[in-house]
Structure formats: C-alpha cells, structure tokens
>>> print(open('entry_5.csv').read())   # CSV, C-alpha atoms and all ligand atoms
chain,number,residue,atom,x,y,z
A,1,MET,CA,-2.3,-41.8,36.5
A,2,THR,CA,0.9,-39.8,36.4
A,3,LEU,CA,0.8,-36.0,36.5
A,4,PRO,CA,3.0,-34.2,34.0
A,5,ASP,CA,5.2,-31.2,34.8
A,6,MET,CA,2.6,-28.5,34.1
A,7,HIS,CA,5.0,-25.6,34.6
A,8,ALA,CA,7.7,-26.5,32.1
A,9,ALA,CA,7.9,-24.4,28.9
A,10,GLU,CA,8.0,-25.8,25.3
A,11,PRO,CA,11.4,-27.4,24.6
A,12,ILE,CA,13.5,-25.8,21.8
A,13,PRO,CA,13.6,-27.9,18.6
A,14,ASP,CA,17.0,-29.5,17.8
A,15,ALA,CA,17.0,-27.7,14.5
A,16,ALA,CA,17.9,-24.5,16.4
A,17,ARG,CA,21.3,-25.9,17.6
A,18,ALA,CA,23.4,-25.6,14.5
A,19,GLU,CA,22.4,-21.9,14.0
A,20,ILE,CA,23.0,-21.1,17.6
A,21,ASP,CA,26.4,-22.7,17.5
A,22,ARG,CA,27.3,-20.7,14.4
A,23,LEU,CA,26.2,-17.5,16.1
A,24,LEU,CA,28.2,-18.3,19.2
A,25,GLN,CA,31.3,-18.9,17.2
A,26,SER,CA,31.0,-15.8,15.1
A,27,GLY,CA,29.7,-13.6,17.9
A,28,ASP,CA,27.4,-12.0,15.4
A,29,LEU,CA,24.5,-11.4,17.8
A,30,PHE,CA,23.5,-7.8,16.8
A,31,ARG,CA,20.8,-7.7,14.1
A,32,TYR,CA,22.3,-4.8,12.1
A,33,THR,CA,25.9,-6.1,11.8
A,34,ALA,CA,25.4,-8.4,8.8
A,35,ALA,CA,24.8,-6.7,5.5
A,36,SER,CA,21.8,-8.9,4.9
A,37,ASP,CA,20.0,-12.1,6.0
A,38,ALA,CA,20.6,-11.6,9.7
A,39,PRO,CA,18.5,-14.1,11.7
A,40,VAL,CA,16.2,-11.3,13.0
A,41,ALA,CA,15.6,-10.1,9.5
A,42,LEU,CA,14.9,-13.6,8.3
A,43,LEU,CA,12.5,-14.1,11.2
A,44,GLU,CA,10.6,-10.9,10.2
A,45,ALA,CA,10.3,-12.0,6.6
A,46,GLU,CA,9.1,-15.5,7.6
A,47,PHE,CA,6.6,-14.2,10.2
A,48,ALA,CA,5.1,-11.7,7.8
A,49,GLN,CA,4.7,-14.4,5.2
A,50,LEU,CA,3.2,-16.8,7.8
A,51,MET,CA,0.6,-14.3,8.8
A,52,GLY,CA,0.0,-12.9,5.3
A,53,SER,CA,1.1,-9.4,6.4
A,54,LYS,CA,3.1,-6.9,4.5
A,55,TYR,CA,5.5,-6.0,7.3
A,56,ALA,CA,6.9,-7.4,10.5
A,57,LEU,CA,9.2,-5.9,13.2
A,58,ALA,CA,10.8,-8.2,15.8
A,59,VAL,CA,11.4,-6.5,19.2
A,60,SER,CA,12.4,-7.4,22.7
A,61,SER,CA,8.9,-8.2,24.0
A,62,CYS,CA,5.2,-8.0,23.2
A,63,SER,CA,5.0,-5.1,25.7
A,64,ALA,CA,7.6,-3.3,23.6
A,65,ALA,CA,5.5,-4.1,20.4
A,66,LEU,CA,2.4,-2.6,22.1
A,67,PHE,CA,4.4,0.5,23.2
A,68,LEU,CA,5.9,1.1,19.8
A,69,SER,CA,2.5,0.6,18.1
A,70,LEU,CA,1.0,3.3,20.3
A,71,LYS,CA,4.0,5.6,19.6
A,72,ALA,CA,3.9,4.8,15.9
A,73,LEU,CA,0.2,5.9,15.8
A,74,ASP,CA,1.6,9.3,16.9
A,75,LEU,CA,-1.0,9.8,19.6
A,76,PRO,CA,-0.8,13.0,21.6
A,77,ARG,CA,0.4,12.9,25.2
A,78,GLY,CA,-2.6,12.1,27.4
A,79,ALA,CA,-4.5,10.3,24.6
A,80,ARG,CA,-7.0,7.7,25.9
A,81,VAL,CA,-6.6,4.1,25.0
A,82,LEU,CA,-9.5,1.8,25.6
A,83,ILE,CA,-8.5,-1.7,26.9
A,84,PRO,CA,-10.4,-4.6,28.4
A,85,GLY,CA,-10.6,-4.8,32.2
A,86,PHE,CA,-9.3,-8.4,31.9
A,87,THR,CA,-5.8,-8.6,30.5
A,88,PHE,CA,-2.2,-8.8,31.7
A,89,ALA,CA,-0.8,-5.8,33.5
A,90,ALA,CA,1.7,-5.4,30.6
A,91,VAL,CA,-1.2,-3.9,28.5
A,92,PRO,CA,-2.1,-0.9,30.7
A,93,SER,CA,1.6,-0.6,31.5
A,94,SER,CA,2.4,-0.1,27.7
A,95,VAL,CA,-0.3,2.5,27.6
A,96,VAL,CA,1.2,4.4,30.5
A,97,HIS,CA,4.7,4.0,29.1
A,98,ALA,CA,3.5,5.6,25.8
A,99,ASP,CA,2.3,8.7,27.8
A,100,CYS,CA,-1.3,7.7,27.2
A,101,VAL,CA,-4.1,7.1,29.7
A,102,PRO,CA,-5.8,3.6,30.0
A,103,LEU,CA,-9.6,3.5,29.8
A,104,LEU,CA,-11.0,0.2,31.0
A,105,CYS,CA,-14.1,-1.5,29.8
A,106,GLU,CA,-16.0,-4.4,31.3
A,107,VAL,CA,-15.5,-8.1,30.4
A,108,ASP,CA,-18.1,-10.7,30.7
A,109,GLU,CA,-18.2,-14.2,32.3
A,110,THR,CA,-16.9,-15.7,29.0
A,111,TYR,CA,-13.7,-13.6,29.3
A,112,ARG,CA,-14.8,-11.5,26.3
A,113,ILE,CA,-15.2,-7.7,26.0
A,114,ASP,CA,-18.7,-6.5,27.0
A,115,LEU,CA,-19.7,-4.8,23.8
A,116,ASP,CA,-22.3,-2.5,25.4
A,117,ASP,CA,-19.7,-1.1,27.8
A,118,PHE,CA,-17.2,-0.9,24.9
A,119,ALA,CA,-19.6,1.0,22.7
A,120,ALA,CA,-20.5,3.4,25.5
A,121,LYS,CA,-16.8,4.2,26.3
A,122,LEU,CA,-15.5,4.2,22.7
A,123,PRO,CA,-16.4,7.9,21.9
A,124,GLN,CA,-13.9,8.9,24.7
A,125,ALA,CA,-11.1,6.8,23.2
A,126,ASP,CA,-8.3,7.9,20.8
A,127,ALA,CA,-7.1,4.3,20.2
A,128,VAL,CA,-8.1,0.8,21.2
A,129,ILE,CA,-6.1,-2.2,22.3
A,130,ILE,CA,-8.0,-5.5,22.0
A,131,SER,CA,-6.4,-8.0,24.2
A,132,HIS,CA,-7.3,-11.6,23.2
A,133,MET,CA,-6.7,-12.6,26.8
A,134,ARG,CA,-5.6,-16.3,27.1
A,135,GLY,CA,-6.6,-16.6,23.4
A,136,HIS,CA,-10.3,-15.8,24.0
A,137,THR,CA,-11.5,-13.8,21.0
A,138,SER,CA,-14.2,-11.1,21.3
A,139,ASP,CA,-16.6,-10.4,18.4
A,140,MET,CA,-14.0,-8.7,16.1
A,141,ASP,CA,-16.7,-7.9,13.4
A,142,ALA,CA,-18.6,-5.9,16.0
A,143,ILE,CA,-15.5,-4.2,17.4
A,144,LEU,CA,-14.1,-3.3,13.9
A,145,GLY,CA,-17.5,-2.0,12.9
A,146,LEU,CA,-17.8,0.3,16.0
A,147,CYS,CA,-14.1,1.5,15.7
A,148,GLY,CA,-14.4,2.0,12.0
A,149,ALA,CA,-17.4,4.2,12.4
A,150,GLU,CA,-15.6,6.3,15.1
A,151,GLY,CA,-12.3,6.4,13.1
A,152,VAL,CA,-10.5,4.8,16.1
A,153,PRO,CA,-7.4,2.7,15.3
A,154,VAL,CA,-7.3,-0.9,16.7
A,155,ILE,CA,-4.2,-2.6,18.0
A,156,GLU,CA,-4.5,-6.3,18.6
A,157,ASP,CA,-2.7,-7.7,21.6
A,158,ALA,CA,-2.3,-11.3,20.3
A,159,ALA,CA,0.5,-12.1,22.8
A,160,HIS,CA,-1.2,-15.3,23.7
A,161,SER,CA,-3.2,-15.9,20.5
A,162,LEU,CA,-0.7,-17.0,17.8
A,163,GLY,CA,-2.5,-19.5,15.6
A,164,THR,CA,-6.1,-18.4,16.6
A,165,LEU,CA,-8.6,-17.7,13.8
A,166,TRP,CA,-11.6,-15.4,13.7
A,167,ARG,CA,-14.0,-16.3,10.8
A,168,GLY,CA,-11.0,-17.8,9.0
A,169,GLN,CA,-8.8,-14.7,9.5
A,170,LYS,CA,-5.6,-14.9,11.5
A,171,ILE,CA,-5.9,-13.1,14.9
A,172,GLY,CA,-3.4,-10.2,14.8
A,173,THR,CA,-4.1,-9.4,11.2
A,174,ILE,CA,-7.6,-7.9,11.8
A,175,GLY,CA,-6.7,-4.5,13.4
A,176,LYS,CA,-4.2,-1.9,12.2
A,177,VAL,CA,-1.3,-3.6,14.1
A,178,GLY,CA,-1.0,-7.0,15.7
A,179,CYS,CA,1.5,-7.7,18.5
A,180,PHE,CA,2.7,-11.2,19.6
A,181,SER,CA,5.0,-12.5,22.4
A,182,PHE,CA,7.8,-15.1,22.4
A,183,GLN,CA,8.0,-15.1,26.2
A,184,SER,CA,8.4,-18.7,27.6
A,185,TYR,CA,4.8,-19.3,28.5
A,186,LYS,CA,3.5,-18.5,25.0
A,187,MET,CA,3.1,-20.8,22.0
A,188,VAL,CA,6.6,-20.0,20.8
A,189,ASN,CA,9.3,-19.9,23.5
A,190,ALA,CA,12.4,-17.7,23.2
A,191,GLY,CA,12.5,-16.7,26.9
A,192,GLU,CA,11.7,-13.2,25.9
A,193,GLY,CA,10.8,-11.5,22.6
A,194,GLY,CA,7.9,-10.0,20.6
A,195,ILE,CA,6.9,-9.0,17.1
A,196,LEU,CA,4.5,-6.6,15.5
A,197,ILE,CA,2.8,-7.0,12.1
A,198,THR,CA,1.0,-4.4,9.9
A,199,ASP,CA,0.2,-3.5,6.3
A,200,ASP,CA,0.8,0.2,7.0
A,201,ALA,CA,4.2,1.2,5.6
A,202,ASP,CA,4.4,4.5,7.3
A,203,LEU,CA,3.4,3.1,10.7
A,204,VAL,CA,6.0,0.3,10.5
A,205,ALA,CA,8.7,2.7,9.3
A,206,ARG,CA,8.1,4.8,12.4
A,207,ALA,CA,8.1,1.8,14.6
A,208,ILE,CA,11.3,0.4,13.0
A,209,ILE,CA,13.2,3.7,13.6
A,210,MET,CA,11.9,4.0,17.2
A,211,SER,CA,12.8,0.3,17.9
A,212,GLY,CA,16.4,1.4,17.5
A,213,ALA,CA,17.2,1.4,13.7
A,214,TYR,CA,19.6,4.3,14.3
A,215,GLU,CA,21.3,6.2,11.4
A,216,HIS,CA,20.6,4.3,8.2
A,217,ASN,CA,20.1,0.9,9.7
A,218,TRP,CA,16.5,1.1,8.4
A,219,LYS,CA,17.9,0.3,5.0
A,220,LYS,CA,18.1,-3.4,6.2
A,221,HIS,CA,14.2,-3.4,6.4
A,222,PRO,CA,12.1,-4.0,3.3
A,223,VAL,CA,10.0,-0.8,3.3
A,224,LEU,CA,10.0,1.9,0.6
A,225,LEU,CA,13.0,4.2,1.1
A,226,GLU,CA,11.1,7.5,0.9
A,227,THR,CA,8.9,6.3,3.7
A,228,PHE,CA,11.9,6.0,6.0
A,229,SER,CA,13.7,9.1,4.8
A,230,ARG,CA,10.7,11.2,5.8
A,231,HIS,CA,11.3,10.3,9.4
A,232,GLN,CA,15.2,10.4,9.5
A,233,ASN,CA,16.5,12.1,12.7
A,234,LYS,CA,12.9,13.1,13.8
A,235,LEU,CA,12.0,10.2,16.1
A,236,PRO,CA,13.4,9.0,19.4
A,237,LEU,CA,15.3,5.7,19.5
A,238,TYR,CA,14.0,3.5,22.3
A,239,ASN,CA,16.3,0.5,21.6
A,240,LEU,CA,13.9,-2.3,21.9
A,241,ARG,CA,15.6,-4.6,19.4
A,242,LEU,CA,15.6,-8.4,19.3
A,243,ASN,CA,19.0,-10.1,19.1
A,244,ASN,CA,20.0,-12.8,16.6
A,245,LEU,CA,20.2,-15.6,19.2
A,246,SER,CA,16.5,-15.1,20.1
A,247,ALA,CA,15.6,-15.2,16.4
A,248,ALA,CA,17.5,-18.5,16.0
A,249,LEU,CA,15.4,-19.9,18.9
A,250,ILE,CA,12.2,-18.8,17.3
A,251,ARG,CA,12.5,-19.6,13.6
A,252,PRO,CA,12.4,-23.4,13.9
A,253,GLN,CA,9.5,-23.2,16.2
A,254,LEU,CA,7.4,-21.5,13.6
A,255,ASP,CA,7.6,-24.7,11.6
A,256,ALA,CA,6.2,-26.6,14.6
A,257,LEU,CA,3.4,-24.1,15.1
A,258,PRO,CA,0.6,-25.9,13.1
A,259,GLN,CA,1.2,-29.1,15.1
A,260,ARG,CA,1.3,-27.2,18.4
A,261,VAL,CA,-2.0,-25.4,17.5
A,262,ARG,CA,-3.7,-28.7,16.6
A,263,ASP,CA,-2.5,-30.4,19.8
A,264,GLY,CA,-3.4,-27.4,22.0
A,265,ARG,CA,-6.9,-27.3,20.7
A,266,ARG,CA,-7.4,-31.0,21.0
A,267,ASN,CA,-6.0,-31.0,24.6
A,268,HIS,CA,-8.2,-28.0,25.6
A,269,ASP,CA,-11.4,-29.4,24.2
A,270,TYR,CA,-10.8,-32.9,25.7
A,271,VAL,CA,-10.3,-31.5,29.2
A,272,ALA,CA,-13.2,-29.0,28.7
A,273,ALA,CA,-15.6,-31.9,28.0
A,274,GLN,CA,-14.5,-33.7,31.1
A,275,LEU,CA,-14.7,-30.7,33.4
A,276,ASN,CA,-18.1,-29.6,32.0
A,277,GLN,CA,-19.6,-32.9,33.4
A,278,SER,CA,-19.4,-31.2,36.9
A,279,PRO,CA,-22.3,-29.0,37.8
A,280,PHE,CA,-19.9,-26.8,39.6
A,281,ILE,CA,-17.6,-26.1,36.6
A,282,ASP,CA,-18.4,-24.1,33.4
A,283,VAL,CA,-15.9,-24.0,30.6
A,284,PRO,CA,-17.3,-21.2,28.3
A,285,ALA,CA,-17.8,-22.4,24.7
A,286,PRO,CA,-15.9,-20.8,21.8
A,287,LEU,CA,-17.6,-17.9,20.2
A,288,ASP,CA,-19.2,-18.7,16.8
A,289,GLY,CA,-16.5,-18.1,14.3
A,290,GLU,CA,-13.6,-18.5,16.8
A,291,GLU,CA,-11.0,-21.3,16.3
A,292,ARG,CA,-8.7,-21.2,19.2
A,293,ALA,CA,-5.0,-22.2,19.8
A,294,PRO,CA,-5.0,-22.7,23.5
A,295,ASP,CA,-2.1,-23.7,25.8
A,296,SER,CA,-4.1,-23.3,29.0
A,297,ILE,CA,-7.7,-23.7,30.1
A,298,GLN,CA,-10.0,-21.2,31.9
A,299,PHE,CA,-13.2,-22.2,33.7
A,300,ASN,CA,-15.7,-20.7,36.1
A,301,LEU,CA,-16.7,-22.2,39.4
A,302,VAL,CA,-20.5,-22.1,39.7
A,303,GLY,CA,-22.5,-21.6,42.9
A,304,LEU,CA,-19.6,-21.8,45.3
A,305,ASP,CA,-18.7,-19.2,48.0
A,306,ASP,CA,-15.2,-17.7,48.4
A,307,ALA,CA,-14.1,-20.2,51.0
A,308,THR,CA,-15.0,-23.1,48.8
A,309,VAL,CA,-13.3,-21.6,45.8
A,310,ALA,CA,-10.1,-21.1,47.8
A,311,ALA,CA,-10.4,-24.7,49.2
A,312,PHE,CA,-10.8,-26.0,45.6
A,313,ALA,CA,-7.6,-24.3,44.5
A,314,ARG,CA,-5.7,-25.5,47.6
A,315,THR,CA,-6.9,-29.1,47.2
A,316,ALA,CA,-6.0,-29.2,43.4
A,317,ASP,CA,-2.6,-27.6,44.2
A,318,THR,CA,-1.8,-30.2,46.9
A,319,ALA,CA,-2.7,-33.0,44.4
A,320,GLY,CA,-0.3,-31.5,41.9
A,321,VAL,CA,-2.3,-29.2,39.6
A,322,LYS,CA,-1.7,-25.5,40.0
A,323,VAL,CA,-5.0,-23.6,39.8
A,324,GLN,CA,-4.9,-19.8,39.8
A,325,VAL,CA,-8.2,-18.1,40.6
A,326,PHE,CA,-7.5,-14.7,39.0
A,327,GLY,CA,-9.1,-12.6,41.7
A,328,GLN,CA,-8.2,-14.6,44.8
A,329,SER,CA,-4.7,-13.5,45.4
A,330,ALA,CA,-3.3,-10.1,46.5
A,331,ASP,CA,-0.8,-9.8,43.6
A,332,ASN,CA,-2.4,-11.3,40.5
A,333,ALA,CA,-1.2,-9.1,37.6
A,334,ARG,CA,-4.4,-10.0,35.6
A,335,ALA,CA,-6.8,-8.5,38.3
A,336,PHE,CA,-7.5,-4.9,37.4
A,337,TRP,CA,-7.6,-3.7,41.0
A,338,ASN,CA,-3.9,-4.5,41.2
A,339,TRP,CA,-3.1,-2.0,38.5
A,340,GLN,CA,-2.7,0.7,41.1
A,341,PHE,CA,-0.3,2.7,38.9
A,342,ILE,CA,-3.4,3.9,37.0
A,343,GLU,CA,-4.7,7.2,38.2
A,344,ASP,CA,-8.5,7.1,39.1
A,345,LEU,CA,-8.6,3.3,38.7
A,346,PRO,CA,-12.3,2.6,38.0
A,347,GLU,CA,-14.5,-0.2,39.5
A,348,LEU,CA,-15.7,-2.8,37.0
A,349,PRO,CA,-18.3,-4.9,39.0
A,350,GLN,CA,-19.0,-7.4,36.2
A,351,THR,CA,-15.3,-8.1,35.5
A,352,ARG,CA,-14.6,-8.3,39.2
A,353,ALA,CA,-17.3,-10.9,39.7
A,354,MET,CA,-15.9,-13.0,36.8
A,355,LEU,CA,-12.3,-12.8,38.2
A,356,MET,CA,-13.4,-14.0,41.7
A,357,ARG,CA,-14.7,-17.3,40.1
A,358,ALA,CA,-12.5,-17.8,37.0
A,359,CYS,CA,-9.8,-20.4,37.3
A,360,ASP,CA,-6.6,-20.6,35.1
A,361,VAL,CA,-4.8,-23.9,34.5
A,362,ARG,CA,-1.8,-24.3,32.2
A,363,LEU,CA,-2.3,-27.1,29.7
A,364,PRO,CA,1.0,-27.4,27.7
A,365,VAL,CA,0.4,-28.6,24.2
A,366,ARG,CA,2.9,-31.5,24.6
A,367,LEU,CA,0.7,-33.3,27.2
A,368,SER,CA,-0.5,-36.8,26.3
A,369,MET,CA,-4.1,-38.0,26.6
A,370,SER,CA,-3.3,-40.0,29.7
A,371,GLU,CA,-1.6,-37.0,31.3
A,372,LEU,CA,-4.7,-34.9,30.4
A,373,ASP,CA,-6.9,-37.6,32.1
A,374,ALA,CA,-4.7,-37.2,35.2
A,375,VAL,CA,-5.2,-33.4,35.2
A,376,SER,CA,-9.0,-33.8,34.9
A,377,GLU,CA,-9.0,-36.4,37.6
A,378,VAL,CA,-7.3,-34.0,40.0
A,379,LEU,CA,-9.6,-31.1,39.2
A,380,LEU,CA,-12.8,-33.2,39.4
A,381,GLY,CA,-11.5,-34.9,42.5
A,382,ALA,CA,-10.9,-31.6,44.2
A,383,ILE,CA,-14.3,-30.2,43.3
A,384,ALA,CA,-15.9,-33.4,44.6
A,385,GLN,CA,-14.0,-33.2,47.8
A,386,VAL,CA,-14.7,-29.5,48.6
A,387,THR,CA,-18.4,-29.8,47.7
A,388,ALA,CA,-18.8,-33.3,49.3
A,389,THR,CA,-20.4,-34.7,46.1
A,390,PRO,CA,-19.5,-37.7,44.0
A,391,HIS,CA,-17.3,-36.9,41.0
A,392,PRO,CA,-17.9,-37.9,37.4
A,393,ALA,CA,-15.7,-40.6,35.9
A,394,VAL,CA,-12.7,-39.5,33.7
A,395,ALA,CA,-12.2,-41.5,30.4
A,401,LIG,C1,2.3,-12.3,27.9
A,401,LIG,C2,1.3,-11.3,27.5
A,401,LIG,C3,1.7,-10.0,27.3
A,401,LIG,C4,3.1,-9.5,27.5
A,401,LIG,O1,4.0,-10.1,26.7
A,401,LIG,P1,5.6,-9.9,26.9
A,401,LIG,O2,6.3,-10.5,25.7
A,401,LIG,O3,6.0,-10.7,28.1
A,401,LIG,O4,5.8,-8.4,27.1
A,401,LIG,C5,0.7,-9.1,26.9
A,401,LIG,N1,-0.6,-9.4,26.8
A,401,LIG,C6,-1.0,-10.7,27.0
A,401,LIG,C7,-2.4,-11.0,26.8
A,401,LIG,C8,-0.1,-11.7,27.4
A,401,LIG,O5,-0.5,-12.9,27.6
>>> encode(input="entry_5.csv", output="structure tokens")
Amino acid sequence: MTLPDMHAAEPIPDAARAEIDRLLQSGDLFRYTAASDAPVALLEAEFAQLMGSKYALAVSSCSAALFLSLKALDLPRGARVLIPGFTFAAVPSSVVHADCVPLLCEVDETYRIDLDDFAAKLPQADAVIISHMRGHTSDMDAILGLCGAEGVPVIEDAAHSLGTLWRGQKIGTIGKVGCFSFQSYKMVNAGEGGILITDDADLVARAIIMSGAYEHNWKKHPVLLETFSRHQNKLPLYNLRLNNLSAALIRPQLDALPQRVRDGRRNHDYVAAQLNQSPFIDVPAPLDGEERAPDSIQFNLVGLDDATVAAFARTADTAGVKVQVFGQSADNARAFWNWQFIEDLPELPQTRAMLMRACDVRLPVRLSMSELDAVSEVLLGAIAQVTATPHPAVA
C-alpha cells in the first residue's frame, strides 16, 4: 500500500487562475481601490450568504478576526475572556493582543469543554471564546444557555470548523461572532487569511473600521450608513485587511466546500472505525447533534506509559505517518503549559492528562480509500509493534 503525502495542503482549483491573471495584469490588489465588486467584497458577500449571516468581514487571519471581535465588543482593558485549555496558541494570543486576560477552563478526554469547570469560571468572565478545536464541537446549547443567563457574549473560534453543523446549525453562526481561517492547513487554503461573520450591524461596523477601512472606505461595505458614521474618526485603524489576490484564491474553493466536507467526514469515519479495533486506541465518538467536517483525526492512546506513547509516535513516523502527541514535545503550541506569555498560568490537570495521550494525525480530504488503508495500516502496525500484540486487519 502506498502512503500519500500527508503534509501537502489542498491544491487551488484551476478556476482561480483567470482571476489571478487579471489581478496580476491590472495590479489591482488593494480591496478599496475598485469602486465596487472588488474580489474581497465579493468574497464577503458570498461567505455571508453561504453561512446565512447578515455580515462578513474578510481579514488577514483568523487571529486578526478574533482580535477584532474582542475589540469590537468594546471590552475594557483587563477584561477576562474565558477560553478552553485545549486550543491553538493563537487564541490566548488574540486575547492578550486585545489587552484582555485569558481565563482557562478544563477540557475533557473527548477534546470538549468541561461544562462543570466552564460554569464555575463563567461568573468571572466578561466574554467567552469557544474554540472548536480540530473541529470538535462542545455542547453549544448548554454553553449558550449558561452565557445567556450571565449576559456574557460568545465568540466562536471556528478556524478549523468550516462546514461543521451543530443540531443542523452552522458552526460559527451560533455565537455573537464567528471567526474562520484560510491558512493552508484549514479546509479552504489561501496561505493566510480569515473572516468573521455576525448579524450585529454595530459590531461589524466597528470591526470594519478597525480592520483598516480608513476615511470613508467603509462606504464599500453593506452596513447602514448611520451605523458607520457614529464611529467615524473614533476608532484605531489596525490594518488587518485581506488583499484581492487572497480572495481570488478563496472564492472558487467555497464552491468545492460541500464535496470537501463530505470527503473529510467519510475519510475520518473510515479510519476511526479501523483504529477503534485496537484496544489501545480510542477515537472519541461525535457528540449527539454534531456533524463534523474533519481534515485530521485525533485519538487517545489507552493504558500505555509515556515511553510506549513516545515509541508509538516514533515508529509511525519512521513508517511515514506523522503522529503528533499534543503534550509530548517541548514546543507544541496547543499545550497550555507552553503559553508562558500568560501571567499566572494555571494548572489544568484533566486537560494535561488528555494532552499527554491524545494523538493528532492529518487526514487531507483528497486521500483515496486505499491511501486511507495505508495510513491505518501504519498506525495499527506501530501500536502492535510497541505493545508486542497482534494487530487487527485493515480492509
Ligand atoms: C488555525 C487556528 C487558529 C488561527 O488561525 P490563523 O488564520 O492562522 O490565525 C485559531 N484557532 C484554531 C482552533 C485554529 O485551528
């Protein structure tokens, strides 16, 4: 069985070429040069429609979208933002960038927010960022219920969740703001880029101005004029805009999204069933109500000590499949103890225990069934080798 290149990003559809060529010839790369219909503006209109949201603002990254969301909420300096203890370092970083203080809550062995710890810490929070880490959705009904009762706004970090549904509702449309990433290892690949969506006209007007719609450039965004004029000259301009070339890379990929979501889910569930045959591997089941759009797989190693966990990752790696155990390297940006820029970094014993056993493997949506078999074969072979047990047959 031949192993695929597991590291390559999604190729850019040919449909992008003509528009990129046109942009290269005209040099019209800045979103606010054209009087109307700039590629970035078209992307915003299409993305808002795709998600069923009133407004969208495309920016330079999901980190920028998270930062602007916090700024647009007009939180006071030092406001506390509750985030999960399992997420990418970009999330606490955006909180610090917005002059706020990250407050971390525990995550359980299914990679979801521990709702007891969340409820206990919520009264100290001025805002919440729910990070759907690697596309895993926490119980959004419970979270929205708790936050609604406390009057705490919810930002969804859906960087890695484009296409995921929660009880039929699109992830990123459940909280007050949803933020997505177009970085290369996400479902839509523009190298870098991000977008935020919301139904709140005032919030998006503030975010648009702060993203760098200086002077009267906000007139090129479809929000009521009086909403904008209220904020004229009153907000800082952080210049986190997206350029037209990035939008030209992204727009044709939105058409490919439904197919990518279907393929990603099929691939994930196929490999999950194979891995779950091993008594040493547990792929957590989806939450009731969750329909995922995965381009990677996470699983826990069961009943193995640190040395065996490390040997498993090494063995799989040597055989051609990169396995990242979140907690087993000194620099993993998803291990909370490496976020040492946070003052008084707390200990989260439950999240730490999960990170020490949780494995992360990329599963690009373009993989074929035989390539998926080859990946499972490597992982099951590695676990058999390090535990000196026979391994279950693959397909
Ligand atoms: C990738 C990612 C981010 C950051 O996205 P950028 O566009 O690279 O800033 C934030 N949160 C999660 C969960 C991510 O996976």
>>> closest_residue(input="entry_5.csv", among="A:Pro252, A:Gly163, A:Pro76, A:Gly151", to="Arg265 of chain A", atoms="all atoms listed in the file")
A:Gly163
>>> residues_near_point(input="entry_5.csv", point="(8.6, 12.6, 15.7)", cutoff="10 Å", atoms="all atoms listed in the file", output="list in words")
Lys71, Ala72, Asp74, Arg206, Met210, His231, Gln232, Asn233, Lys234, Leu235 and Pro236 of chain A
>>> residues_around(input="entry_5.csv", residues="segment 23-33 of chain A", least_positions_apart="4", cutoff="9 Å", atoms="all atoms listed in the file", output="count of residues only")
15
>>> atom_distance(input="entry_5.csv", atom1="atom CA of Gln259 of chain A", atom2="atom CA of Arg366 of chain A")
9.9 Å
>>> residues_near_ligand(input="entry_5.csv", ligand="ligand LIG 401 (chain A)", cutoff="7 Å", atoms="only C-alpha atoms and all ligand atoms", output="PyMOL selection string")
chain A and resi 61-64+87-88+90-91+131-134+157-160+181-183+186+192-194
>>> write_last_selection(input="entry_5.csv", atoms="C-alpha atoms", output="mmCIF file, in the frame of the given file")
data_model
loop_
_atom_site.group_PDB
_atom_site.id
_atom_site.type_symbol
_atom_site.label_atom_id
_atom_site.label_comp_id
_atom_site.auth_asym_id
_atom_site.auth_seq_id
_atom_site.Cartn_x
_atom_site.Cartn_y
_atom_site.Cartn_z
ATOM 1 C CA SER A 61 8.900 -8.200 24.000
ATOM 2 C CA CYS A 62 5.200 -8.000 23.200
ATOM 3 C CA SER A 63 5.000 -5.100 25.700
ATOM 4 C CA ALA A 64 7.600 -3.300 23.600
ATOM 5 C CA THR A 87 -5.800 -8.600 30.500
ATOM 6 C CA PHE A 88 -2.200 -8.800 31.700
ATOM 7 C CA ALA A 90 1.700 -5.400 30.600
ATOM 8 C CA VAL A 91 -1.200 -3.900 28.500
ATOM 9 C CA SER A 131 -6.400 -8.000 24.200
ATOM 10 C CA HIS A 132 -7.300 -11.600 23.200
ATOM 11 C CA MET A 133 -6.700 -12.600 26.800
ATOM 12 C CA ARG A 134 -5.600 -16.300 27.100
ATOM 13 C CA ASP A 157 -2.700 -7.700 21.600
ATOM 14 C CA ALA A 158 -2.300 -11.300 20.300
ATOM 15 C CA ALA A 159 0.500 -12.100 22.800
ATOM 16 C CA HIS A 160 -1.200 -15.300 23.700
ATOM 17 C CA SER A 181 5.000 -12.500 22.400
ATOM 18 C CA PHE A 182 7.800 -15.100 22.400
ATOM 19 C CA GLN A 183 8.000 -15.100 26.200
ATOM 20 C CA LYS A 186 3.500 -18.500 25.000
ATOM 21 C CA GLU A 192 11.700 -13.200 25.900
ATOM 22 C CA GLY A 193 10.800 -11.500 22.600
ATOM 23 C CA GLY A 194 7.900 -10.000 20.600
#
>>> closest_atom_pairs(input="entry_5.csv", of="segment 89-166 of chain A", to="segment 339-352 of chain A", cutoff="9 Å", atoms="all atoms listed in the file", output="Markdown table")
| residue | atom | partner | partner_atom | distance |
| --- | --- | --- | --- | --- |
| A:Ala89 | CA | A:Trp339 | CA | 6.7 |
| A:Pro92 | CA | A:Trp339 | CA | 7.9 |
| A:Ser93 | CA | A:Phe341 | CA | 8.3 |
| A:Val96 | CA | A:Ile342 | CA | 8.0 |
| A:Val101 | CA | A:Ile342 | CA | 8.0 |
| A:Pro102 | CA | A:Ile342 | CA | 7.4 |
| A:Leu103 | CA | A:Pro346 | CA | 8.7 |
| A:Leu104 | CA | A:Pro346 | CA | 7.5 |
| A:Cys105 | CA | A:Leu348 | CA | 7.5 |
| A:Glu106 | CA | A:Thr351 | CA | 5.6 |
| A:Val107 | CA | A:Thr351 | CA | 5.1 |
| A:Asp108 | CA | A:Thr351 | CA | 6.1 |
| A:Glu109 | CA | A:Thr351 | CA | 7.5 |
| A:Tyr111 | CA | A:Thr351 | CA | 8.4 |
>>> atom_distance(input="entry_5.csv", atom1="atom CA of Thr110 of chain A", atom2="atom CA of Asp288 of chain A")
12.8 Å
>>> residues_around(input="entry_5.csv", residues="Ala374 of chain A", least_positions_apart="4", cutoff="7 Å", atoms="all atoms listed in the file", output="number ranges by chain")
A: 1-3, 370, 378
>>> atom_distance(input="entry_5.csv", atom1="atom CA of Leu257 of chain A", atom2="atom CA of Phe180 of chain A")
13.7 Å
>>> closest_residue(input="entry_5.csv", among="A:Arg334, A:Thr308, A:Asp200, A:Ala293", to="Pro258 of chain A", atoms="only C-alpha atoms")
A:Ala293
>>> closest_residue(input="entry_5.csv", among="A:Val283, A:Leu68, A:Gly212, A:Ser368", to="Leu237 of chain A", atoms="only C-alpha atoms")
A:Gly212
